[in-house]
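Engineer: I am attaching a structure below and will ask some questions about it afterwards.
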Amino acid sequence: MVLGGAGSTSLLLGEGDPAPIVEVNPQGRSPFLLTSDHFGRAIPRALGDLGLAESELTRHIAWDIGIAGVARALAVHLDAHLIAQAYSRLVIDCNRPPDAPSSIPRISEATVIPGNEGLTREVTEARRCEIFDPYHRRISETIERRLRDGIPTVLVSLHSFTPVYAGIKRPWHVGTLYQSDTRLPPLLLKGLRAQGDLVVGDNEPYAVSNETDYTIPVHGEARGLMNTGIEIRQDLISDQSGQAQWAQRLADAFGEIEATLRAQRLLPA
């Protein structure tokens, strides 16, 4: 299901452009609410190719490679609601504060983004109002509805990371990311490490902060929800087989976590 299309006053999104919000299983009964900020790599027609070759637009600078397949399958396994962003992080990064320099990057890693040079305030605001805001508004509305209806809500933000960064190989298969929540991340670390064949990062290869992240600080931490970010190494989920395998790995871990949280009365029995 896709929601959040451009309205008649749109300055950016037009006919033929996808809506920014992708939803899977909105009636899911799981306590886990899944988000995926870098799920898609769409670019509004009005922006062309941002001055980049197609080979650049399929790289990690444009989206989180492989995470879309994992997220969709995990939503089905858990009977969980997934809210995802269809547009490329190069148009606007939906996991960055809108006032951060990396929100609309002029350079990503070593790649200059010509289409992001010299933007006017009106153009910047259009990207925020038509892509960033509808996505985060949908997440907020969903959480508020669940809380109002007494539905337990645990926020899980799904991402993927490059196997090599700045010439250095990253040893982790998967990482658990967090800021101040001490309830969910330790359980996820324990569950993933118990699978026996994984190198699991504890706030590696990234850590959550208010300066570099948006979804977890705003939707999870500010509301006091249990939350975690997950980063999966992209070479492990670059094809359908790997995506299916990792969706099952995560589903197994979260199944055990849910049982533990209910036993600890952190979720209703």
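Residues in the structure tokens are numbered from 1 in each chain, the chains being A, B, ... in the order shown, and ligands are numbered from 1 in the order shown.
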Counting only C-alpha atoms, which residues of range 200-229 of chain A fall within 10 Å of range 127-137 of chain A, and what is the closest atom pair for each with its distance in Å at one decimal, ordered by chain and rising number, as CSV?

Structural biologist:
residue,atom,partner,partner_atom,distance
A:Tyr214,CA,A:His136,CA,9.4
A:Thr215,CA,A:His136,CA,7.9
A:Val218,CA,A:His136,CA,9.3
A:His219,CA,A:His136,CA,8.5

Engineer: How close does each residue of range 54-85 of chain A get to range 246-258 of chain A, giving the shortest atom pair and distance in Å to one decimal for every residue with an atom at most 7 Å away, counting only C-alpha atoms, sorted by chain and residue number, as a tab-separated table?

Structural biologist:
residue	atom	partner	partner_atom	distance
A:Val70	CA	A:Ala247	CA	5.1
A:Ala73	CA	A:Ala247	CA	5.8
A:Leu74	CA	A:Ala247	CA	4.9
A:His77	CA	A:Ala251	CA	6.2
A:Leu78	CA	A:Ala251	CA	6.3

Engineer: Env of Asp79 in chain A: 6 Å cut, atoms = only C-alpha atoms, seq-sep filter 6 positions within chain, self excluded. Answer as a PyMOL selection string.

Structural biologist: chain A and resi 28-30

Engineer: In Å, rounded to a single decimal, give me how far CA of Gln240 in chain A is from CA of Gly69 in chain A.

Structural biologist: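 Computing it gives 7.0 Å between the two atoms.
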
Engineer: Run DSSP on the backbone and grab whatever in range 44-210 of chain A lands in strand (DSSP E or B); send it over as an mmCIF file with N, CA, C and O atoms, in the first residue's frame.

Structural biologist:
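Wrote result.cif, looks like this:
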data_model
loop_
_atom_site.group_PDB
_atom_site.id
_atom_site.type_symbol
_atom_site.label_atom_id
_atom_site.label_comp_id
_atom_site.auth_asym_id
_atom_site.auth_seq_id
_atom_site.Cartn_x
_atom_site.Cartn_y
_atom_site.Cartn_z
ATOM 1 N N HIS A 81 3.442 -3.801 11.470
ATOM 2 C CA HIS A 81 3.216 -2.660 10.589
ATOM 3 C C HIS A 81 4.575 -2.069 10.207
ATOM 4 O O HIS A 81 5.406 -1.786 11.072
ATOM 5 N N LEU A 82 4.794 -1.893 8.911
ATOM 6 C CA LEU A 82 6.006 -1.263 8.390
ATOM 7 C C LEU A 82 5.644 0.052 7.728
ATOM 8 O O LEU A 82 4.740 0.105 6.885
ATOM 9 N N ILE A 83 6.352 1.120 8.095
ATOM 10 C CA ILE A 83 6.227 2.428 7.445
ATOM 11 C C ILE A 83 7.598 2.766 6.862
ATOM 12 O O ILE A 83 8.599 2.802 7.592
ATOM 13 N N ALA A 84 7.650 2.997 5.555
ATOM 14 C CA ALA A 84 8.931 3.178 4.868
ATOM 15 C C ALA A 84 8.878 4.388 3.943
ATOM 16 O O ALA A 84 7.809 4.830 3.527
ATOM 17 N N GLN A 85 10.058 4.892 3.607
ATOM 18 C CA GLN A 85 10.203 6.063 2.749
ATOM 19 C C GLN A 85 10.613 5.639 1.344
ATOM 20 O O GLN A 85 11.580 4.911 1.164
ATOM 21 N N TYR A 87 11.539 7.682 -1.227
ATOM 22 C CA TYR A 87 12.480 8.547 -1.945
ATOM 23 C C TYR A 87 13.912 8.394 -1.455
ATOM 24 O O TYR A 87 14.172 8.072 -0.296
ATOM 25 N N ILE A 107 27.584 16.699 -0.845
ATOM 26 C CA ILE A 107 28.565 15.650 -1.092
ATOM 27 C C ILE A 107 28.174 14.463 -0.232
ATOM 28 O O ILE A 107 27.901 14.620 0.958
ATOM 29 N N SER A 108 28.124 13.273 -0.815
ATOM 30 C CA SER A 108 27.866 12.057 -0.054
ATOM 31 C C SER A 108 29.046 11.128 -0.244
ATOM 32 O O SER A 108 29.360 10.739 -1.380
ATOM 33 N N THR A 111 31.258 11.654 -3.346
ATOM 34 C CA THR A 111 30.500 11.978 -4.555
ATOM 35 C C THR A 111 29.795 13.321 -4.421
ATOM 36 O O THR A 111 28.988 13.513 -3.493
ATOM 37 N N VAL A 112 30.088 14.230 -5.334
ATOM 38 C CA VAL A 112 29.402 15.517 -5.384
ATOM 39 C C VAL A 112 28.021 15.302 -5.998
ATOM 40 O O VAL A 112 27.877 14.588 -6.996
ATOM 41 N N VAL A 154 6.695 -0.912 20.205
ATOM 42 C CA VAL A 154 8.152 -0.977 20.301
ATOM 43 C C VAL A 154 8.701 -0.587 18.934
ATOM 44 O O VAL A 154 8.381 -1.219 17.931
ATOM 45 N N LEU A 155 9.501 0.468 18.881
ATOM 46 C CA LEU A 155 9.974 1.012 17.610
ATOM 47 C C LEU A 155 11.270 0.328 17.168
ATOM 48 O O LEU A 155 12.236 0.260 17.931
ATOM 49 N N VAL A 156 11.271 -0.152 15.920
ATOM 50 C CA VAL A 156 12.446 -0.800 15.341
ATOM 51 C C VAL A 156 12.742 -0.134 13.999
ATOM 52 O O VAL A 156 11.923 -0.182 13.077
ATOM 53 N N SER A 157 13.895 0.503 13.903
ATOM 54 C CA SER A 157 14.283 1.230 12.695
ATOM 55 C C SER A 157 15.323 0.415 11.930
ATOM 56 O O SER A 157 16.390 0.089 12.463
ATOM 57 N N LEU A 158 15.018 0.089 10.674
ATOM 58 C CA LEU A 158 15.818 -0.856 9.889
ATOM 59 C C LEU A 158 16.709 -0.146 8.876
ATOM 60 O O LEU A 158 16.238 0.704 8.106
ATOM 61 N N HIS A 159 17.988 -0.531 8.853
ATOM 62 C CA HIS A 159 18.973 0.075 7.956
ATOM 63 C C HIS A 159 19.969 -0.993 7.476
ATOM 64 O O HIS A 159 19.997 -2.106 7.996
ATOM 65 N N SER A 160 20.803 -0.595 6.508
ATOM 66 C CA SER A 160 21.908 -1.455 6.085
ATOM 67 C C SER A 160 23.164 -0.609 5.916
ATOM 68 O O SER A 160 23.091 0.609 5.734
ATOM 69 N N PHE A 161 24.333 -1.268 5.974
ATOM 70 C CA PHE A 161 25.594 -0.527 5.908
ATOM 71 C C PHE A 161 26.566 -1.198 4.939
ATOM 72 O O PHE A 161 26.465 -2.396 4.648
ATOM 73 N N VAL A 164 32.622 -2.074 3.341
ATOM 74 C CA VAL A 164 33.905 -1.364 3.423
ATOM 75 C C VAL A 164 33.621 0.126 3.477
ATOM 76 O O VAL A 164 32.802 0.635 2.703
ATOM 77 N N TYR A 165 34.264 0.837 4.392
ATOM 78 C CA TYR A 165 34.104 2.285 4.476
ATOM 79 C C TYR A 165 35.484 2.915 4.628
ATOM 80 O O TYR A 165 36.271 2.503 5.486
ATOM 81 N N ILE A 168 38.362 0.554 4.803
ATOM 82 C CA ILE A 168 38.489 -0.358 5.942
ATOM 83 C C ILE A 168 37.309 -1.323 5.948
ATOM 84 O O ILE A 168 36.149 -0.902 5.894
ATOM 85 N N LYS A 169 37.617 -2.623 5.999
ATOM 86 C CA LYS A 169 36.566 -3.628 6.055
ATOM 87 C C LYS A 169 35.873 -3.593 7.408
ATOM 88 O O LYS A 169 36.525 -3.473 8.449
ATOM 89 N N VAL A 174 25.914 -7.560 11.598
ATOM 90 C CA VAL A 174 24.733 -6.794 11.980
ATOM 91 C C VAL A 174 25.089 -5.968 13.208
ATOM 92 O O VAL A 174 25.977 -6.345 13.989
ATOM 93 N N GLY A 175 24.425 -4.845 13.360
ATOM 94 C CA GLY A 175 24.653 -4.011 14.532
ATOM 95 C C GLY A 175 23.339 -3.580 15.164
ATOM 96 O O GLY A 175 22.335 -3.403 14.472
ATOM 97 N N THR A 176 23.376 -3.446 16.491
ATOM 98 C CA THR A 176 22.251 -2.908 17.246
ATOM 99 C C THR A 176 22.600 -1.480 17.648
ATOM 100 O O THR A 176 23.643 -1.251 18.256
ATOM 101 N N LEU A 177 21.723 -0.535 17.309
ATOM 102 C CA LEU A 177 21.987 0.882 17.539
ATOM 103 C C LEU A 177 20.986 1.437 18.538
ATOM 104 O O LEU A 177 19.793 1.124 18.467
ATOM 105 N N VAL A 200 28.247 -9.360 16.000
ATOM 106 C CA VAL A 200 27.173 -8.404 16.260
ATOM 107 C C VAL A 200 27.750 -7.140 16.887
ATOM 108 O O VAL A 200 28.416 -7.195 17.927
ATOM 109 N N GLY A 201 27.503 -6.006 16.272
ATOM 110 C CA GLY A 201 28.007 -4.743 16.784
ATOM 111 C C GLY A 201 27.119 -4.167 17.867
ATOM 112 O O GLY A 201 25.900 -4.152 17.738
ATOM 113 N N ASP A 202 27.729 -3.691 18.929
ATOM 114 C CA ASP A 202 27.049 -2.991 20.009
ATOM 115 C C ASP A 202 27.272 -1.496 19.767
ATOM 116 O O ASP A 202 28.338 -0.958 20.040
#

Engineer: When DSSP works through the backbone of this structure, what residues of range 129-237 of chain A end up as alpha helix (DSSP H), shown as a count of residues only?

Structural biologist: 27

Engineer: Near Leu50 in chain A, counting only C-alpha atoms, which residues have an atom at most 12 Å away, once you skip same-chain residues fewer than 4 positions from it, shown as a tab-separated table (two decimals) with C-alpha atoms, in the first residue's frame?

Structural biologist:
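Result file follows (selection-v5.tsv):
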chain	number	residue	atom	x	y	z
A	42	ALA	CA	13.00	7.26	-6.10
A	43	ILE	CA	13.78	10.76	-7.35
A	44	PRO	CA	11.03	13.24	-8.30
A	45	ARG	CA	10.81	13.75	-12.05
A	46	ALA	CA	11.33	17.46	-11.56
A	54	GLU	CA	22.72	5.68	-12.86
A	56	GLU	CA	25.76	6.33	-8.54
A	57	LEU	CA	22.01	6.13	-7.94
A	62	ALA	CA	21.20	6.75	-2.60
A	88	SER	CA	16.25	8.54	-2.08
A	89	ARG	CA	18.24	9.90	0.81
A	90	LEU	CA	19.93	12.12	-1.80
A	91	VAL	CA	16.68	14.06	-2.26
A	92	ILE	CA	16.29	14.49	1.50
A	104	ILE	CA	20.16	17.41	1.69
A	105	PRO	CA	23.77	16.44	1.03
A	106	ARG	CA	25.93	18.38	-1.40
A	107	ILE	CA	28.56	15.65	-1.09
A	111	THR	CA	30.50	11.98	-4.55
A	112	VAL	CA	29.40	15.52	-5.38
A	113	ILE	CA	25.62	15.81	-5.90
A	114	PRO	CA	25.21	18.51	-8.59
A	115	GLY	CA	21.43	18.62	-8.18
A	116	ASN	CA	21.84	19.65	-4.54
A	117	GLU	CA	24.07	22.64	-5.22
A	119	LEU	CA	19.30	25.29	-3.59

Engineer: Suppose you want the space between CA of Gly229 in chain A and CA of Pro186 in chain A; what is it in Å?

Structural biologist: 12.1 Å

Engineer: Counting only C-alpha atoms, what is within 12 Å of Glu144 in chain A, bar same-chain residues fewer than 6 positions away, as a count of residues only?

Structural biologist: 10

Engineer: If you measure from CA of Ser102 in chain A to CA of Pro217 in chain A, what distance in Å do you get, rounded to one decimal?

Structural biologist: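 The value is 16.7 Å.
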
Engineer: For each of A:Arg72, A:Arg262, A:His173, A:Arg96, take the minimum atom-to-atom distance to Glu231 in chain A, counting only C-alpha atoms, then give the residue where this is smallest.

Structural biologist: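 Counting only C-alpha atoms, the residue closest to Glu231 in chain A is A:His173.
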